[in-house]
Structures are given as structure tokens and as C-alpha cells.
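Asks: Sharing a structure with you now.
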Amino acid sequence: MLDRLLKLDRRWIFLCIAVATALPLIFPFSLVRVEVTDPTRGIFDTIDTLPAGSVILFSNDYDPGSAAELRPMTLAILRHAFHRKQRVVVMTLWPGGLALTQDILQQMTVEFPHLRKNEDWAFLGYNAGQQAAIANMVRNLTETYPKDRDGMDTASLPILVKADGRKIESLKDFAYVVSISAGDPGLEQWVIYGQGESGCLLGGGSTAVSITQYLSYFQAKQMNGLLGGLRGGAEYERLLKDKYGTEVKNAEGKGSVGVQVLSVDHFLIIAFILFSNVIYFASKLRTAASTGAER
Amino acid sequence: MLFLKRQLPLFLTFLFGMTVMVCYYVPNRASDEVSGEILKWLEVMLAVALILGATVLVVVHGEQILKQKAGWAYSLIVIGSILAGVALGLWENGKEYTEEAELTSFGWFYFYLYIPLNATMFALLAFFIASAAFRAFRARTLAAFCLLATAIIILFGQAPLGAWLWEKLYHATGDRIPTMADITGFMQQVLVVAGKRGILIGVSLGVIATSLRVIIGLERGYLGGDK
């Protein structure tokens, strides 16, 4: 019996995970409020204190594979920035992120119908230069992106003129730089080639599995905020909802729902681990007992 | 041929490696312009590398199909998908949406084929992690026990439900135990970051040493070995 349990058909495990994941998505519930951590508060406070009209550079460096984890935080940050009447220049260093970013911006224009293209937001599109693109942006933005996604001259975009009339020419001219990334090129390259070279204010987000990789940059104050995975998105949504309530449409988004799914799945995996260890040790004890009896 | 295959690449590597390095350590207007120009070249080369990569992919899979090697049908799907993506992209001028915010055929291809397929691949991870946790996470040795205990604490603490349950326990014990945020924070921000920093410093030193060897021509692996 114990041996059979130890060799449990993996399809039972798959079924349990499928049910545990699907049920909270079909019947959303809110068990507990997610606690907000300091790295998340760092980004929220920065965007919350930047004056209206500030220009933020937002690099959406992921593809659909990581969208379930990273899209909630992307939407939450953009909703916050647009609600605070800040202007956002969006770009991506991932080819698979191009249409995804376009879709996110499409959603933003529906949620914030007053937004004017190229004045309140602009999409520079994809750059294949990876870290070289970031290093080039430190020197000259319009040489790195001569045209925006629609083929317009970047230099002529009204969004690249600050409230005081000065032009945004390079990375350091942005009030804040945010990169949401799922790997390379991404947050690490933004720290090394972007923040390290220009001294710009940098925040970002990443998948939960990679977050420890970037914590050292947060501790060294090379980044002033860091969001980790679905939970990071849920934390940001909570801050947004606590401060602005229904003023921000969809403030409580998929991050808050997703993190409840995460809770159930985490507990299920813990149960699997404990269960398999109990069986393992019971099996060992039984083997030891039967060996002793034979002697 | 030896000049093109060996001497010229070695010379170019030395020239550009040294130039960028000197420009970095001697900052002035001229060096800034030179390194800026080299970075622009690099950007162009990285874009060309994408085309090269796609071409190699088509050539390799094309060979699979022509010689009808095992799994050639998958190669057919790969090439078909690439060609369909490129054709639709060119047809729609790379746009996913029309001016009226309607999906183009390229957008349809991306949103209804690429996104579900890509997301499905990653979603499968949850199932494999659960299965691996059941089969492999067993406290066979002390090291395995430590790994297992850490995993359980992080899984418990990262789930809002776990943190909430711990908070109840925390208050029930009269605040005499550390909070879950303290425990997971210590593990992630002290233990893990300490290890990560060590690895990062080691890797960085390795990168510096290897880069110097490449620039001065001692490391020639990138030329295709010693053939």
C-alpha cells in the first residue's frame, strides 16, 4: 500500500492542481488581504509623489509566457501613473512583447478615454539592440529610437517635452524608469547599463522565481522598488485600492484574484510534500521493522 | 583563408575591445562619440543576428524535411509557422490593430495562436513542479531536509493565506514568535541575497578575466575551436 502511494500516478497530482487552480478562478473569493512589502511600496510611493505631467519610461520586457504573472503589475502601475496624470513612454526589448504591450495600451486607452496619444502616452515599439539599446538610450534617446511604433519621428513627439519646456534627450531626463521583465534583456541590464551609467531613478518588477536575483540591487539602492510576481501585482493593487478606492477603475485586478489561486496551490504543494515524506518515512520504518524481524 | 578565419577576427576583437575599454576609462567628448558609434553598430549587428538566427532555423528544419528525418513533420510546422507569421506581418505592416482598434489578421495570429501556445507551455510548469515536489522533495539527508524546510516556509509565507494563519498564531502566542514577514524576509533578503552576491561577484570576476583573454586573443573558442 505504502509503495503504491509512493509511486502515485502523477495524473492524480495533475488533476488536483488543475482543480485547485480552476476553482478559485471560476468562483473568485477573497480569503485574506495581501500584506504589502517595502520593495512594492517603493514604486508606489515614487509614482504617487511624482508631480502631474512627469514623464515615465516604461519598458515592458516580457512575452506571453510570463504575462499571467507580470501583466497585473504592469496594469496596476500604468493605472496609477495615468490616474496621477503622469505621462508614459512605453517600449519593449522583447519581440514577443510587442503586441502584448500594444494590447495593454489599448486597454489603458479604454479605461482612460481622456488620454491623448503621443502627448499623454507614446509607444516606441521594439528594439532588437538588447543591452546596447539601453546603453545607447543613456547617450541619446532619439538615435536609439529614431521612429516610434507608428513610424513617426520620435524627436517630434510632444510627450518628449517636459513640463518646464526642456526636451527629454536621454535616460536621465525621465522622472522615473520602470522595467517589468521576465529575464534577459531586462531588469538586470537596466540596472547595469541604464541606472549604473545614467543614475536615473529605477524601479521594476519580475517573475517570482527571479526576484531574489534583483533584491541585491534593491538593497544597494540601485533600484528604489521591486515587485515580485503575481503577489507583487496584488500588493500594488491593494495599495491602489486602499488609497484611491473606486476612483481608479479596476484597481483590484487580476493580481488580487490570482494571489488567492496562488494561496490554494501553495498549500496543495505543501500538502503533497508533507504527504510524500510521511509515506516515505513510514515505508522506511516498515522496511527496518521487517528486516529486524527476519534477523 | 586563414587571414579571414583567424587573424582578421582576432584583430577586430582586439581593436574594438580595447577601444571600448579605453573609451570607458578615459571619459571625454571624443571617446564618448567613439563608444556611442560602436554601440550603434552593436545594436545593428544584434538586429541582423535575429535575421541570421531565423535563417539558420529555416535551413536546419528545411534539411530535416527534405531528408525526411525523424520528426520532420514538426519541422514542417515550424517552417509553416515562421512563414505564416512573416507573411501576415508584412501584409499588415506589422500592425496588430487597425485604426478602428479592430484586430488585423496578424493580430489574430498573435493573440489566438501565439499567446495561448506560449502561455500553455509555461502553465505546464505548475503541474510539473507539483509532481516533482511530491516525488523528489524527500528528507533523505540533512541537506535535503534543510532545502525542504526552506521551501515549505517560503511557500507558506508567500501565500497570503499562510501569512494570515501565521499572524493568528503570532497573536495567540502573545507576539513571542517572529512574524512571517520577518522569517521570509530574513531568508530571502539575507541568506539568499548573501549567496547571490557571492555568485554575482564570482561571475563578474570571471567575466572580466574571460573578456580580457578574448580581447588579447588567448581565448579563441568563439572562432570555432582550434580547427
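Chain identifiers are assigned as A, B, and so on, following the order in which chains appear in the C-alpha cells; residues are numbered from 1 within each chain, and ligands are numbered from 1 in order of appearance.
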Can you write out as a tab-separated table which residues of chain B fall within 6 Å of chain A, alongside each residue's closest atom pair and its distance in Å to one decimal, counting only C-alpha atoms and ordering rows by chain and ascending residue number?
Replies:
residue	atom	partner	partner_atom	distance
B:Leu39	CA	A:Ala132	CA	5.9
B:Glu43	CA	A:Gly129	CA	4.2
B:Leu46	CA	A:Gly129	CA	5.6
B:Ala47	CA	A:Ala128	CA	5.1
B:Ile115	CA	A:Pro64	CA	5.4
B:Asn118	CA	A:Gly65	CA	5.1
B:Ala119	CA	A:Gly65	CA	4.3
B:Phe122	CA	A:Gly65	CA	5.5
B:Phe127	CA	A:Phe14	CA	5.5
B:Ala130	CA	A:Ile269	CA	5.8
B:Ala133	CA	A:Ile273	CA	5.9
B:Phe134	CA	A:Ile273	CA	5.2
B:Arg138	CA	A:Asn277	CA	5.6
B:Leu155	CA	A:His266	CA	5.7
B:Ala159	CA	A:Ser263	CA	4.5
B:Pro160	CA	A:Val34	CA	5.3
B:Leu161	CA	A:Ser263	CA	5.8
B:Val193	CA	A:Ser216	CA	6.0
Asks: Near Glu96 of chain B, counting only C-alpha atoms, which residues have an atom at most 9 Å away, once you skip same-chain residues fewer than 5 positions from it, shown as a list in words?
Replies: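 My list of contacting residues is Ala99, Gln102 and Asp103 of chain A; Gly89, Ala101, Glu102, Leu103, Thr104, Ser105, Phe106, Gly107, Trp108, Phe109, Tyr110 and Phe111 of chain B.
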Asks: Please save C-alpha atoms of the selected residues as a PDB file, in the first residue's frame.
Replies:
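Listing of result05.pdb after writing:
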ATOM      1  CA  ALA A  99       1.755  43.034 -29.468  1.00  0.00           C
ATOM      2  CA  GLN A 102       0.099  47.229 -27.736  1.00  0.00           C
ATOM      3  CA  ASP A 103      -2.822  45.323 -26.201  1.00  0.00           C
TER       4      ASP A 103
ATOM      5  CA  GLY B  89       3.341  40.657 -40.513  1.00  0.00           C
ATOM      6  CA  ALA B 101      -8.974  49.276 -32.877  1.00  0.00           C
ATOM      7  CA  GLU B 102     -10.021  46.074 -34.659  1.00  0.00           C
ATOM      8  CA  LEU B 103      -7.701  43.064 -34.783  1.00  0.00           C
ATOM      9  CA  THR B 104      -5.802  42.560 -38.024  1.00  0.00           C
ATOM     10  CA  SER B 105      -5.004  39.062 -39.331  1.00  0.00           C
ATOM     11  CA  PHE B 106      -1.510  39.459 -37.844  1.00  0.00           C
ATOM     12  CA  GLY B 107      -3.075  40.434 -34.509  1.00  0.00           C
ATOM     13  CA  TRP B 108      -5.365  37.422 -34.711  1.00  0.00           C
ATOM     14  CA  PHE B 109      -2.344  35.189 -35.366  1.00  0.00           C
ATOM     15  CA  TYR B 110      -0.586  36.666 -32.331  1.00  0.00           C
ATOM     16  CA  PHE B 111      -3.496  36.765 -29.880  1.00  0.00           C
TER      17      PHE B 111
END
Asks: Can you check which residues of segment 18-224 of chain B DSSP gives as helix (DSSP H, G or I) on the backbone and send them as a ChimeraX atom specification?
Replies: /B:18-25,29-66,72-91,105-136,142-158,160-172,180-215,221-223
Asks: Atom CA of Pro9 of chain B to atom CA of Leu223 of chain B: how many Å, to one decimal?
Replies: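 Computed distance, atom CA of Pro9 of chain B to atom CA of Leu223 of chain B, equals 7.9 Å.
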Asks: Would you mind reading off the distance between atom CA of Ser290 of chain A and atom CA of Arg140 of chain B, one decimal, in Å?
Replies: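 Atom CA of Ser290 of chain A sits 19.9 Å away from atom CA of Arg140 of chain B.
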Asks: If we count only C-alpha atoms and set the cut-off at 12 Å, which residues sit around Thr210 of chain B, ignoring sequence neighbours fewer than 5 positions away in its own chain? Please answer as a list in words.
Replies: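 Once the adjacent positions are removed, what remains is Val203, Ser204, Leu205, Ile215, Ile216, Gly217, Leu218, Glu219, Arg220, Gly221 and Tyr222 of chain B.
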Asks: Would you tabulate, counting only C-alpha atoms, all residues of segment 44-73 of chain A that have an atom at most 12 Å from an atom of segment 198-201 of chain A, showing the closest pair of atoms and their distance in Å to one decimal, sorted by chain then ascending number, as JSON lines?
Replies:
{"residue": "A:Thr46", "atom": "CA", "partner": "A:Leu201", "partner_atom": "CA", "distance": 9.3}
{"residue": "A:Ile47", "atom": "CA", "partner": "A:Leu201", "partner_atom": "CA", "distance": 11.2}
{"residue": "A:Leu50", "atom": "CA", "partner": "A:Leu201", "partner_atom": "CA", "distance": 11.6}
{"residue": "A:Ile56", "atom": "CA", "partner": "A:Leu201", "partner_atom": "CA", "distance": 10.0}
{"residue": "A:Leu57", "atom": "CA", "partner": "A:Leu201", "partner_atom": "CA", "distance": 10.4}
Asks: So that I can check the surroundings of Thr179 of chain B, please list as a list in words every protein, DNA and RNA residue that reaches within 9 Å of it, counting only C-alpha atoms and ignoring chain neighbours fewer than 5 positions away.
Replies: Ala163, Trp166, Glu167, Tyr170 and Thr184 of chain B
Asks: Residues at most 12 Å from Asp153 of chain A, counting only C-alpha atoms, excluding those fewer than 4 positions away in the same chain, as a list in words?
Replies: Asn118, Ala122, Phe123, Leu124, Leu141, Thr142, Glu143, Thr144, Tyr145, Pro146, Lys147, Asp148, Arg149, Leu157, Pro158 and Leu160 of chain A
Asks: Residues of the last selection are to be written out with N, CA, C and O atoms, as a PDB file, in the first residue's frame.
Replies:
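Wrote selection_9.pdb, looks like this:
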ATOM      1  N   ASN A 118       0.646  60.173 -27.980  1.00  0.00           N
ATOM      2  CA  ASN A 118       1.863  60.969 -28.220  1.00  0.00           C
ATOM      3  C   ASN A 118       1.976  62.200 -27.303  1.00  0.00           C
ATOM      4  O   ASN A 118       2.993  62.891 -27.337  1.00  0.00           O
ATOM      5  N   ALA A 122       3.029  57.313 -25.303  1.00  0.00           N
ATOM      6  CA  ALA A 122       3.598  57.033 -26.628  1.00  0.00           C
ATOM      7  C   ALA A 122       4.190  55.636 -26.585  1.00  0.00           C
ATOM      8  O   ALA A 122       4.630  55.172 -25.522  1.00  0.00           O
ATOM      9  N   PHE A 123       4.164  54.966 -27.720  1.00  0.00           N
ATOM     10  CA  PHE A 123       4.732  53.620 -27.788  1.00  0.00           C
ATOM     11  C   PHE A 123       5.882  53.628 -28.795  1.00  0.00           C
ATOM     12  O   PHE A 123       5.671  53.808 -29.986  1.00  0.00           O
ATOM     13  N   LEU A 124       7.084  53.451 -28.271  1.00  0.00           N
ATOM     14  CA  LEU A 124       8.259  53.482 -29.144  1.00  0.00           C
ATOM     15  C   LEU A 124       8.443  52.175 -29.902  1.00  0.00           C
ATOM     16  O   LEU A 124       9.154  52.127 -30.898  1.00  0.00           O
ATOM     17  N   LEU A 141      18.346  59.286 -26.753  1.00  0.00           N
ATOM     18  CA  LEU A 141      17.096  58.532 -26.901  1.00  0.00           C
ATOM     19  C   LEU A 141      16.637  58.465 -28.356  1.00  0.00           C
ATOM     20  O   LEU A 141      16.294  57.398 -28.867  1.00  0.00           O
ATOM     21  N   THR A 142      16.657  59.610 -29.030  1.00  0.00           N
ATOM     22  CA  THR A 142      16.086  59.640 -30.377  1.00  0.00           C
ATOM     23  C   THR A 142      16.973  58.929 -31.407  1.00  0.00           C
ATOM     24  O   THR A 142      16.482  58.514 -32.447  1.00  0.00           O
ATOM     25  N   GLU A 143      18.264  58.770 -31.097  1.00  0.00           N
ATOM     26  CA  GLU A 143      19.117  57.991 -32.006  1.00  0.00           C
ATOM     27  C   GLU A 143      18.843  56.496 -31.817  1.00  0.00           C
ATOM     28  O   GLU A 143      18.995  55.706 -32.744  1.00  0.00           O
ATOM     29  N   THR A 144      18.472  56.118 -30.590  1.00  0.00           N
ATOM     30  CA  THR A 144      18.167  54.706 -30.333  1.00  0.00           C
ATOM     31  C   THR A 144      16.810  54.351 -30.918  1.00  0.00           C
ATOM     32  O   THR A 144      16.610  53.284 -31.478  1.00  0.00           O
ATOM     33  N   TYR A 145      15.873  55.257 -30.749  1.00  0.00           N
ATOM     34  CA  TYR A 145      14.529  55.088 -31.315  1.00  0.00           C
ATOM     35  C   TYR A 145      14.256  56.272 -32.246  1.00  0.00           C
ATOM     36  O   TYR A 145      13.593  57.230 -31.854  1.00  0.00           O
ATOM     37  N   PRO A 146      14.765  56.253 -33.494  1.00  0.00           N
ATOM     38  CA  PRO A 146      14.514  57.404 -34.382  1.00  0.00           C
ATOM     39  C   PRO A 146      13.030  57.553 -34.713  1.00  0.00           C
ATOM     40  O   PRO A 146      12.545  58.648 -34.938  1.00  0.00           O
ATOM     41  N   LYS A 147      12.307  56.393 -34.764  1.00  0.00           N
ATOM     42  CA  LYS A 147      10.866  56.415 -35.082  1.00  0.00           C
ATOM     43  C   LYS A 147      10.116  55.689 -33.977  1.00  0.00           C
ATOM     44  O   LYS A 147      10.657  54.778 -33.355  1.00  0.00           O
ATOM     45  N   ASP A 148       8.854  56.084 -33.788  1.00  0.00           N
ATOM     46  CA  ASP A 148       8.046  55.348 -32.814  1.00  0.00           C
ATOM     47  C   ASP A 148       7.383  54.167 -33.517  1.00  0.00           C
ATOM     48  O   ASP A 148       7.670  53.882 -34.678  1.00  0.00           O
ATOM     49  N   ARG A 149       6.509  53.488 -32.822  1.00  0.00           N
ATOM     50  CA  ARG A 149       5.879  52.281 -33.371  1.00  0.00           C
ATOM     51  C   ARG A 149       5.104  52.569 -34.664  1.00  0.00           C
ATOM     52  O   ARG A 149       5.016  51.742 -35.548  1.00  0.00           O
ATOM     53  N   LEU A 157       7.780  63.995 -31.051  1.00  0.00           N
ATOM     54  CA  LEU A 157       6.682  63.617 -30.155  1.00  0.00           C
ATOM     55  C   LEU A 157       6.524  64.651 -29.030  1.00  0.00           C
ATOM     56  O   LEU A 157       7.487  64.943 -28.313  1.00  0.00           O
ATOM     57  N   PRO A 158       5.328  65.183 -28.852  1.00  0.00           N
ATOM     58  CA  PRO A 158       5.140  66.200 -27.806  1.00  0.00           C
ATOM     59  C   PRO A 158       5.395  65.670 -26.397  1.00  0.00           C
ATOM     60  O   PRO A 158       5.748  66.434 -25.498  1.00  0.00           O
ATOM     61  N   LEU A 160       7.813  64.096 -25.387  1.00  0.00           N
ATOM     62  CA  LEU A 160       9.225  64.193 -25.012  1.00  0.00           C
ATOM     63  C   LEU A 160       9.648  65.620 -24.654  1.00  0.00           C
ATOM     64  O   LEU A 160      10.839  65.935 -24.627  1.00  0.00           O
TER      65      LEU A 160
END
Asks: Show which residues sit within 9 Å of Phe112 of chain A, as a VMD selection string. Count only C-alpha atoms, and ignore same-chain residues fewer than 3 positions away.
Replies: chain A and resid 79 82 to 83 107 to 109 115 249
